[in-house]
Amino acid sequence: MSQLLVDDIVDKDGGNSVGFSKGINVGASSTVTGNLNVTGVLTYEDVTNVDSVGLITARSGIKFGAAGVGGTIRANGDTTLAGVVTATSFSGDITGDITGSVTATSSPAITIRDGATEKGYIGFNGNDPFIGRKDGVGILFQDNKVRPVDGDDGSGSNNTVDLGEPTYKFKDLYLAGNANIAGAASTFSGNVTLNKSAGPTLELTTNTGSNDSSIHLHEGAVGSTSNGGAVIYSGANNKLSICCGTTLTTERIGIARDSGDVNIGTGVTISAAGICTVTTGTDLKGFKVESGDVSGGSLNGEFDFELKKGHIKTMTGSTAGTYFPDFKVSSSVSLNSVMVVGDTMTATLIVTASNTAHYCTAGIKIDDSTSNVTVEWIGSSAPSAGKGAGYDIYTFTIVKTAATPAYLVIVNATDAG
């Protein structure tokens, strides 16, 4: 084998590099201190390290690993990686589809930031997937249900708390706790059932076929053997039915129709100081029972005639002197507050007659006052004596004549017995 031992090789002019038209084979380590320009193919074998301080340009892409199994970076930028990619940050948009899967072994798997500020994350609550804010408020996917959860309980450990069992799922909506449905309008296309544990239950139902709707009130859960309650039903001809029970076959309390009539099966009770106002008249087709006040007290001077207790007052005790009434609705409700100008009401006083010197005098009051109260007696004058036996009966017709207020009281005094 021949050897060439020289310090430098230049062309014959001494100023240019030497060309090797037949190639060159270097069998030992070599050092290139200047630029290396390769216009053909540069083939590397057993390369363990490439250290470049500048830009590496691979026009057709880069493959690494056995035949590209480890990864491939193509010329158009597409990248295929078979292993784990670890990066301290990612900046940019994902505009295409992710057709594979994202696997994370710890939480948070993905942190969402606004600049440097952490806003939320996608990760796990225990072994269950979770999407939420930094403080832990979000949605938990657990036991085949979607559950809202609140966040840190104050301990700093970001303990999430389940708000209900069940809370809701996508096919049907369950509201187990307090619910606030905000917006201009909330629409439910199907039936709505609200219940707490085993009851009571409120059902709002619609029937498109028969064009009716109803409100069911149950004592227990829907479908239970003890589900008494009531139902309000709206059906054909704009008829509204109220039934005692949970079906229309149970006792019907009342019916209201668009024609204006209302039928009430078992009567109406207006309690306390309630007032029933009828603008077009009252037609009583049955019997009438009127409340009355029976007292064994002894009349002597002024006494309260409280209309709340009834418009007929019967005194069964012996009188002790002359007497006169003070009309009012009750001790806390004035007659003036329930009457307008032109209103008229009637009251009757029945007194056991025990002494001819005891009778009703003209000092009649309304709401603790005789001011603007005009009293007229049928027969032109007030009585000057009682019957002394049987009953003395007084009928008072009270008309409100002015808003001042002012009243006209017409009294008819009769004897019975």
# chains A, B, ... in the order shown; residues from 1 in each chain; ligands from 1

call {"tool": "residues_around", "arguments": {"residues": "Thr348 (chain A)", "least_positions_apart": "4", "cutoff": "12 Å", "atoms": "only C-alpha atoms", "output": "VMD selection string"}}
result
chain A and resid 290 to 294 305 to 307 310 to 315 325 327 392 to 398 410 to 414

call {"tool": "write_last_selection", "arguments": {"atoms": "N, CA and C atoms", "output": "PDB file, in the first residue's frame"}}
result
ATOM      1  N   GLU A 290    -125.773  31.356  57.607  1.00  0.00           N
ATOM      2  CA  GLU A 290    -125.043  32.571  57.925  1.00  0.00           C
ATOM      3  C   GLU A 290    -124.447  32.473  59.325  1.00  0.00           C
ATOM      4  N   SER A 291    -123.226  32.905  59.452  1.00  0.00           N
ATOM      5  CA  SER A 291    -122.553  32.861  60.748  1.00  0.00           C
ATOM      6  C   SER A 291    -123.215  33.831  61.718  1.00  0.00           C
ATOM      7  N   GLY A 292    -123.246  33.465  62.978  1.00  0.00           N
ATOM      8  CA  GLY A 292    -123.803  34.321  64.021  1.00  0.00           C
ATOM      9  C   GLY A 292    -122.975  34.233  65.283  1.00  0.00           C
ATOM     10  N   ASP A 293    -123.188  35.214  66.162  1.00  0.00           N
ATOM     11  CA  ASP A 293    -122.445  35.276  67.414  1.00  0.00           C
ATOM     12  C   ASP A 293    -123.435  35.201  68.563  1.00  0.00           C
ATOM     13  N   VAL A 294    -123.327  34.155  69.377  1.00  0.00           N
ATOM     14  CA  VAL A 294    -124.200  33.986  70.541  1.00  0.00           C
ATOM     15  C   VAL A 294    -123.359  34.165  71.798  1.00  0.00           C
ATOM     16  N   PHE A 305    -119.858  45.425  68.330  1.00  0.00           N
ATOM     17  CA  PHE A 305    -120.560  44.512  67.417  1.00  0.00           C
ATOM     18  C   PHE A 305    -119.555  44.212  66.295  1.00  0.00           C
ATOM     19  N   GLU A 306    -118.790  43.112  66.460  1.00  0.00           N
ATOM     20  CA  GLU A 306    -117.755  42.748  65.490  1.00  0.00           C
ATOM     21  C   GLU A 306    -118.369  41.892  64.390  1.00  0.00           C
ATOM     22  N   LEU A 307    -118.433  42.453  63.191  1.00  0.00           N
ATOM     23  CA  LEU A 307    -119.076  41.767  62.067  1.00  0.00           C
ATOM     24  C   LEU A 307    -118.293  40.533  61.621  1.00  0.00           C
ATOM     25  N   GLY A 310    -119.982  37.527  62.742  1.00  0.00           N
ATOM     26  CA  GLY A 310    -121.309  37.267  62.193  1.00  0.00           C
ATOM     27  C   GLY A 310    -122.153  38.524  62.211  1.00  0.00           C
ATOM     28  N   HIS A 311    -123.102  38.628  61.274  1.00  0.00           N
ATOM     29  CA  HIS A 311    -123.957  39.816  61.197  1.00  0.00           C
ATOM     30  C   HIS A 311    -125.183  39.698  62.104  1.00  0.00           C
ATOM     31  N   ILE A 312    -125.339  38.575  62.776  1.00  0.00           N
ATOM     32  CA  ILE A 312    -126.440  38.392  63.727  1.00  0.00           C
ATOM     33  C   ILE A 312    -125.833  38.098  65.095  1.00  0.00           C
ATOM     34  N   LYS A 313    -126.118  38.965  66.047  1.00  0.00           N
ATOM     35  CA  LYS A 313    -125.551  38.822  67.392  1.00  0.00           C
ATOM     36  C   LYS A 313    -126.686  38.595  68.367  1.00  0.00           C
ATOM     37  N   THR A 314    -126.615  37.497  69.129  1.00  0.00           N
ATOM     38  CA  THR A 314    -127.651  37.129  70.099  1.00  0.00           C
ATOM     39  C   THR A 314    -127.071  37.190  71.508  1.00  0.00           C
ATOM     40  N   MET A 315    -127.708  37.979  72.376  1.00  0.00           N
ATOM     41  CA  MET A 315    -127.270  38.105  73.759  1.00  0.00           C
ATOM     42  C   MET A 315    -128.285  37.389  74.649  1.00  0.00           C
ATOM     43  N   PRO A 325    -124.686  49.712  70.224  1.00  0.00           N
ATOM     44  CA  PRO A 325    -123.563  49.002  69.592  1.00  0.00           C
ATOM     45  C   PRO A 325    -122.531  49.949  68.982  1.00  0.00           C
ATOM     46  N   PHE A 327    -120.185  49.448  65.781  1.00  0.00           N
ATOM     47  CA  PHE A 327    -119.966  48.530  64.657  1.00  0.00           C
ATOM     48  C   PHE A 327    -118.537  48.651  64.135  1.00  0.00           C
ATOM     49  N   ASP A 392    -136.019  41.459  72.589  1.00  0.00           N
ATOM     50  CA  ASP A 392    -136.013  42.727  71.857  1.00  0.00           C
ATOM     51  C   ASP A 392    -135.115  42.537  70.638  1.00  0.00           C
ATOM     52  N   ILE A 393    -135.623  42.880  69.447  1.00  0.00           N
ATOM     53  CA  ILE A 393    -134.899  42.635  68.202  1.00  0.00           C
ATOM     54  C   ILE A 393    -134.685  43.962  67.483  1.00  0.00           C
ATOM     55  N   TYR A 394    -133.407  44.222  67.077  1.00  0.00           N
ATOM     56  CA  TYR A 394    -133.054  45.445  66.383  1.00  0.00           C
ATOM     57  C   TYR A 394    -132.338  45.074  65.069  1.00  0.00           C
ATOM     58  N   THR A 395    -132.841  45.640  63.980  1.00  0.00           N
ATOM     59  CA  THR A 395    -132.207  45.432  62.671  1.00  0.00           C
ATOM     60  C   THR A 395    -131.608  46.755  62.210  1.00  0.00           C
ATOM     61  N   PHE A 396    -130.299  46.733  61.890  1.00  0.00           N
ATOM     62  CA  PHE A 396    -129.566  47.939  61.501  1.00  0.00           C
ATOM     63  C   PHE A 396    -129.192  47.846  60.016  1.00  0.00           C
ATOM     64  N   THR A 397    -129.603  48.829  59.220  1.00  0.00           N
ATOM     65  CA  THR A 397    -129.172  48.948  57.828  1.00  0.00           C
ATOM     66  C   THR A 397    -128.196  50.123  57.753  1.00  0.00           C
ATOM     67  N   ILE A 398    -126.940  49.806  57.395  1.00  0.00           N
ATOM     68  CA  ILE A 398    -125.879  50.811  57.402  1.00  0.00           C
ATOM     69  C   ILE A 398    -125.479  51.126  55.968  1.00  0.00           C
ATOM     70  N   ILE A 410    -130.246  53.078  59.537  1.00  0.00           N
ATOM     71  CA  ILE A 410    -131.702  52.956  59.698  1.00  0.00           C
ATOM     72  C   ILE A 410    -131.974  51.764  60.612  1.00  0.00           C
ATOM     73  N   VAL A 411    -132.731  52.020  61.728  1.00  0.00           N
ATOM     74  CA  VAL A 411    -132.921  50.975  62.744  1.00  0.00           C
ATOM     75  C   VAL A 411    -134.409  50.640  62.823  1.00  0.00           C
ATOM     76  N   ASN A 412    -134.701  49.357  62.834  1.00  0.00           N
ATOM     77  CA  ASN A 412    -136.054  48.858  63.035  1.00  0.00           C
ATOM     78  C   ASN A 412    -136.075  48.059  64.326  1.00  0.00           C
ATOM     79  N   ALA A 413    -136.843  48.546  65.327  1.00  0.00           N
ATOM     80  CA  ALA A 413    -136.920  47.893  66.637  1.00  0.00           C
ATOM     81  C   ALA A 413    -138.241  47.145  66.754  1.00  0.00           C
ATOM     82  N   THR A 414    -138.187  45.836  67.079  1.00  0.00           N
ATOM     83  CA  THR A 414    -139.387  45.002  67.226  1.00  0.00           C
ATOM     84  C   THR A 414    -139.287  44.152  68.470  1.00  0.00           C
TER      85      THR A 414
END

call {"tool": "residues_around", "arguments": {"residues": "Ser371 (chain A)", "least_positions_apart": "6", "cutoff": "10 Å", "atoms": "only C-alpha atoms", "output": "JSON, numbers by chain"}}
result
{"A": [365, 404, 405, 406, 407]}

call {"tool": "atom_distance", "arguments": {"atom1": "CA of Ile62 (chain A)", "atom2": "CA of Leu81 (chain A)"}}
result
11.9 Å

call {"tool": "atom_distance", "arguments": {"atom1": "CA of Ser91 (chain A)", "atom2": "CA of Phe64 (chain A)"}}
result
24.5 Å

call {"tool": "residues_around", "arguments": {"residues": "Leu204 (chain A)", "least_positions_apart": "2", "cutoff": "8 Å", "atoms": "only C-alpha atoms", "output": "NGL selection string"}}
result
:A and (191-193 or 202 or 206 or 213-216)

call {"tool": "closest_residue", "arguments": {"among": "A:Gly138, A:Gly321, A:Gly220, A:Gly70", "to": "Gly386 (chain A)", "atoms": "only C-alpha atoms"}}
result
A:Gly321

call {"tool": "closest_residue", "arguments": {"among": "A:Asp78, A:Lys285, A:Gly65, A:Gly254", "to": "Gly96 (chain A)", "atoms": "only C-alpha atoms"}}
result
A:Asp78

call {"tool": "closest_residue", "arguments": {"among": "A:Thr322, A:Ser337, A:Asn300, A:Thr401", "to": "Ile275 (chain A)", "atoms": "only C-alpha atoms"}}
result
A:Ser337

call {"tool": "atom_distance", "arguments": {"atom1": "CA of Phe324 (chain A)", "atom2": "CA of Trp377 (chain A)"}}
result
13.7 Å

call {"tool": "select_by_dssp", "arguments": {"residues": "region 247-358 of chain A", "states": "strand (DSSP E)", "output": "count of residues only"}}
result
38

call {"tool": "decode", "arguments": {"residues": "region 345-384 of chain A", "atoms": "N, CA and C atoms", "output": "PDB file, in the first residue's frame"}}
result
ATOM      1  N   MET A 345    -124.824  47.452  54.248  1.00  0.00           N
ATOM      2  CA  MET A 345    -124.764  46.190  54.979  1.00  0.00           C
ATOM      3  C   MET A 345    -125.840  46.182  56.065  1.00  0.00           C
ATOM      4  N   THR A 346    -126.235  44.977  56.478  1.00  0.00           N
ATOM      5  CA  THR A 346    -127.304  44.802  57.466  1.00  0.00           C
ATOM      6  C   THR A 346    -126.797  43.951  58.627  1.00  0.00           C
ATOM      7  N   ALA A 347    -127.179  44.343  59.853  1.00  0.00           N
ATOM      8  CA  ALA A 347    -126.829  43.582  61.042  1.00  0.00           C
ATOM      9  C   ALA A 347    -128.055  43.499  61.948  1.00  0.00           C
ATOM     10  N   THR A 348    -128.150  42.413  62.719  1.00  0.00           N
ATOM     11  CA  THR A 348    -129.304  42.195  63.598  1.00  0.00           C
ATOM     12  C   THR A 348    -128.819  41.912  65.012  1.00  0.00           C
ATOM     13  N   LEU A 349    -129.466  42.552  65.995  1.00  0.00           N
ATOM     14  CA  LEU A 349    -129.166  42.337  67.400  1.00  0.00           C
ATOM     15  C   LEU A 349    -130.399  41.745  68.081  1.00  0.00           C
ATOM     16  N   ILE A 350    -130.237  40.572  68.697  1.00  0.00           N
ATOM     17  CA  ILE A 350    -131.315  39.904  69.423  1.00  0.00           C
ATOM     18  C   ILE A 350    -130.925  39.877  70.903  1.00  0.00           C
ATOM     19  N   VAL A 351    -131.765  40.490  71.760  1.00  0.00           N
ATOM     20  CA  VAL A 351    -131.440  40.621  73.183  1.00  0.00           C
ATOM     21  C   VAL A 351    -132.556  39.998  74.012  1.00  0.00           C
ATOM     22  N   THR A 352    -132.160  39.157  74.970  1.00  0.00           N
ATOM     23  CA  THR A 352    -133.150  38.620  75.908  1.00  0.00           C
ATOM     24  C   THR A 352    -133.704  39.772  76.752  1.00  0.00           C
ATOM     25  N   ALA A 353    -135.041  39.983  76.671  1.00  0.00           N
ATOM     26  CA  ALA A 353    -135.665  41.118  77.368  1.00  0.00           C
ATOM     27  C   ALA A 353    -135.951  40.738  78.810  1.00  0.00           C
ATOM     28  N   SER A 354    -135.283  41.414  79.738  1.00  0.00           N
ATOM     29  CA  SER A 354    -135.464  41.106  81.158  1.00  0.00           C
ATOM     30  C   SER A 354    -135.959  42.291  81.975  1.00  0.00           C
ATOM     31  N   ASN A 355    -135.952  43.495  81.360  1.00  0.00           N
ATOM     32  CA  ASN A 355    -136.348  44.695  82.112  1.00  0.00           C
ATOM     33  C   ASN A 355    -136.833  45.728  81.101  1.00  0.00           C
ATOM     34  N   THR A 356    -138.002  46.304  81.338  1.00  0.00           N
ATOM     35  CA  THR A 356    -138.547  47.284  80.404  1.00  0.00           C
ATOM     36  C   THR A 356    -137.714  48.552  80.342  1.00  0.00           C
ATOM     37  N   ALA A 357    -136.876  48.780  81.368  1.00  0.00           N
ATOM     38  CA  ALA A 357    -136.045  49.984  81.391  1.00  0.00           C
ATOM     39  C   ALA A 357    -134.747  49.801  80.613  1.00  0.00           C
ATOM     40  N   HIS A 358    -134.545  48.607  80.085  1.00  0.00           N
ATOM     41  CA  HIS A 358    -133.309  48.308  79.356  1.00  0.00           C
ATOM     42  C   HIS A 358    -133.619  48.171  77.859  1.00  0.00           C
ATOM     43  N   TYR A 359    -132.996  49.015  77.043  1.00  0.00           N
ATOM     44  CA  TYR A 359    -133.270  49.008  75.603  1.00  0.00           C
ATOM     45  C   TYR A 359    -132.086  49.663  74.881  1.00  0.00           C
ATOM     46  N   CYS A 360    -132.109  49.626  73.531  1.00  0.00           N
ATOM     47  CA  CYS A 360    -131.052  50.214  72.709  1.00  0.00           C
ATOM     48  C   CYS A 360    -131.319  51.707  72.530  1.00  0.00           C
ATOM     49  N   THR A 361    -130.296  52.511  72.811  1.00  0.00           N
ATOM     50  CA  THR A 361    -130.439  53.957  72.685  1.00  0.00           C
ATOM     51  C   THR A 361    -129.860  54.441  71.352  1.00  0.00           C
ATOM     52  N   ALA A 362    -129.914  55.749  71.128  1.00  0.00           N
ATOM     53  CA  ALA A 362    -129.499  56.324  69.846  1.00  0.00           C
ATOM     54  C   ALA A 362    -128.010  56.609  69.750  1.00  0.00           C
ATOM     55  N   GLY A 363    -127.220  56.228  70.753  1.00  0.00           N
ATOM     56  CA  GLY A 363    -125.784  56.549  70.712  1.00  0.00           C
ATOM     57  C   GLY A 363    -124.964  55.588  69.878  1.00  0.00           C
ATOM     58  N   ILE A 364    -125.464  55.168  68.733  1.00  0.00           N
ATOM     59  CA  ILE A 364    -124.819  54.150  67.905  1.00  0.00           C
ATOM     60  C   ILE A 364    -123.508  54.692  67.312  1.00  0.00           C
ATOM     61  N   LYS A 365    -122.440  53.873  67.385  1.00  0.00           N
ATOM     62  CA  LYS A 365    -121.127  54.242  66.870  1.00  0.00           C
ATOM     63  C   LYS A 365    -120.723  53.346  65.703  1.00  0.00           C
ATOM     64  N   ILE A 366    -119.827  53.875  64.870  1.00  0.00           N
ATOM     65  CA  ILE A 366    -119.169  53.086  63.826  1.00  0.00           C
ATOM     66  C   ILE A 366    -117.677  53.374  63.924  1.00  0.00           C
ATOM     67  N   ASP A 367    -116.904  52.328  64.093  1.00  0.00           N
ATOM     68  CA  ASP A 367    -115.444  52.441  64.245  1.00  0.00           C
ATOM     69  C   ASP A 367    -115.086  53.382  65.389  1.00  0.00           C
ATOM     70  N   ASP A 368    -115.759  53.189  66.550  1.00  0.00           N
ATOM     71  CA  ASP A 368    -115.473  53.931  67.788  1.00  0.00           C
ATOM     72  C   ASP A 368    -115.850  55.405  67.714  1.00  0.00           C
ATOM     73  N   SER A 369    -116.725  55.810  66.773  1.00  0.00           N
ATOM     74  CA  SER A 369    -117.043  57.233  66.639  1.00  0.00           C
ATOM     75  C   SER A 369    -118.514  57.425  66.267  1.00  0.00           C
ATOM     76  N   THR A 370    -119.108  58.528  66.805  1.00  0.00           N
ATOM     77  CA  THR A 370    -120.450  58.925  66.394  1.00  0.00           C
ATOM     78  C   THR A 370    -120.402  60.050  65.372  1.00  0.00           C
ATOM     79  N   SER A 371    -119.174  60.482  65.009  1.00  0.00           N
ATOM     80  CA  SER A 371    -119.018  61.582  64.057  1.00  0.00           C
ATOM     81  C   SER A 371    -119.530  61.175  62.687  1.00  0.00           C
ATOM     82  N   ASN A 372    -120.390  62.022  62.080  1.00  0.00           N
ATOM     83  CA  ASN A 372    -120.953  61.788  60.745  1.00  0.00           C
ATOM     84  C   ASN A 372    -121.756  60.496  60.672  1.00  0.00           C
ATOM     85  N   VAL A 373    -122.332  60.070  61.785  1.00  0.00           N
ATOM     86  CA  VAL A 373    -123.230  58.910  61.810  1.00  0.00           C
ATOM     87  C   VAL A 373    -124.647  59.420  62.067  1.00  0.00           C
ATOM     88  N   THR A 374    -125.494  59.314  61.056  1.00  0.00           N
ATOM     89  CA  THR A 374    -126.888  59.747  61.168  1.00  0.00           C
ATOM     90  C   THR A 374    -127.767  58.533  61.423  1.00  0.00           C
ATOM     91  N   VAL A 375    -128.543  58.557  62.529  1.00  0.00           N
ATOM     92  CA  VAL A 375    -129.385  57.415  62.909  1.00  0.00           C
ATOM     93  C   VAL A 375    -130.847  57.778  62.696  1.00  0.00           C
ATOM     94  N   GLU A 376    -131.542  56.968  61.933  1.00  0.00           N
ATOM     95  CA  GLU A 376    -132.974  57.131  61.707  1.00  0.00           C
ATOM     96  C   GLU A 376    -133.692  55.870  62.185  1.00  0.00           C
ATOM     97  N   TRP A 377    -134.806  56.070  62.926  1.00  0.00           N
ATOM     98  CA  TRP A 377    -135.562  54.951  63.483  1.00  0.00           C
ATOM     99  C   TRP A 377    -136.860  54.786  62.701  1.00  0.00           C
ATOM    100  N   ILE A 378    -137.162  53.562  62.342  1.00  0.00           N
ATOM    101  CA  ILE A 378    -138.458  53.295  61.709  1.00  0.00           C
ATOM    102  C   ILE A 378    -139.553  53.527  62.761  1.00  0.00           C
ATOM    103  N   GLY A 379    -140.537  54.359  62.424  1.00  0.00           N
ATOM    104  CA  GLY A 379    -141.545  54.778  63.388  1.00  0.00           C
ATOM    105  C   GLY A 379    -141.244  56.162  63.933  1.00  0.00           C
ATOM    106  N   SER A 380    -140.158  56.795  63.386  1.00  0.00           N
ATOM    107  CA  SER A 380    -139.818  58.202  63.642  1.00  0.00           C
ATOM    108  C   SER A 380    -139.074  58.464  64.936  1.00  0.00           C
ATOM    109  N   SER A 381    -139.092  57.584  65.921  1.00  0.00           N
ATOM    110  CA  SER A 381    -138.405  57.883  67.174  1.00  0.00           C
ATOM    111  C   SER A 381    -137.760  56.629  67.747  1.00  0.00           C
ATOM    112  N   ALA A 382    -136.720  56.868  68.558  1.00  0.00           N
ATOM    113  CA  ALA A 382    -136.024  55.766  69.214  1.00  0.00           C
ATOM    114  C   ALA A 382    -136.912  55.175  70.291  1.00  0.00           C
ATOM    115  N   PRO A 383    -136.726  53.894  70.650  1.00  0.00           N
ATOM    116  CA  PRO A 383    -137.536  53.290  71.713  1.00  0.00           C
ATOM    117  C   PRO A 383    -137.229  53.940  73.059  1.00  0.00           C
ATOM    118  N   SER A 384    -138.240  53.937  73.933  1.00  0.00           N
ATOM    119  CA  SER A 384    -138.074  54.491  75.291  1.00  0.00           C
ATOM    120  C   SER A 384    -138.208  53.424  76.355  1.00  0.00           C
TER     121      SER A 384
END
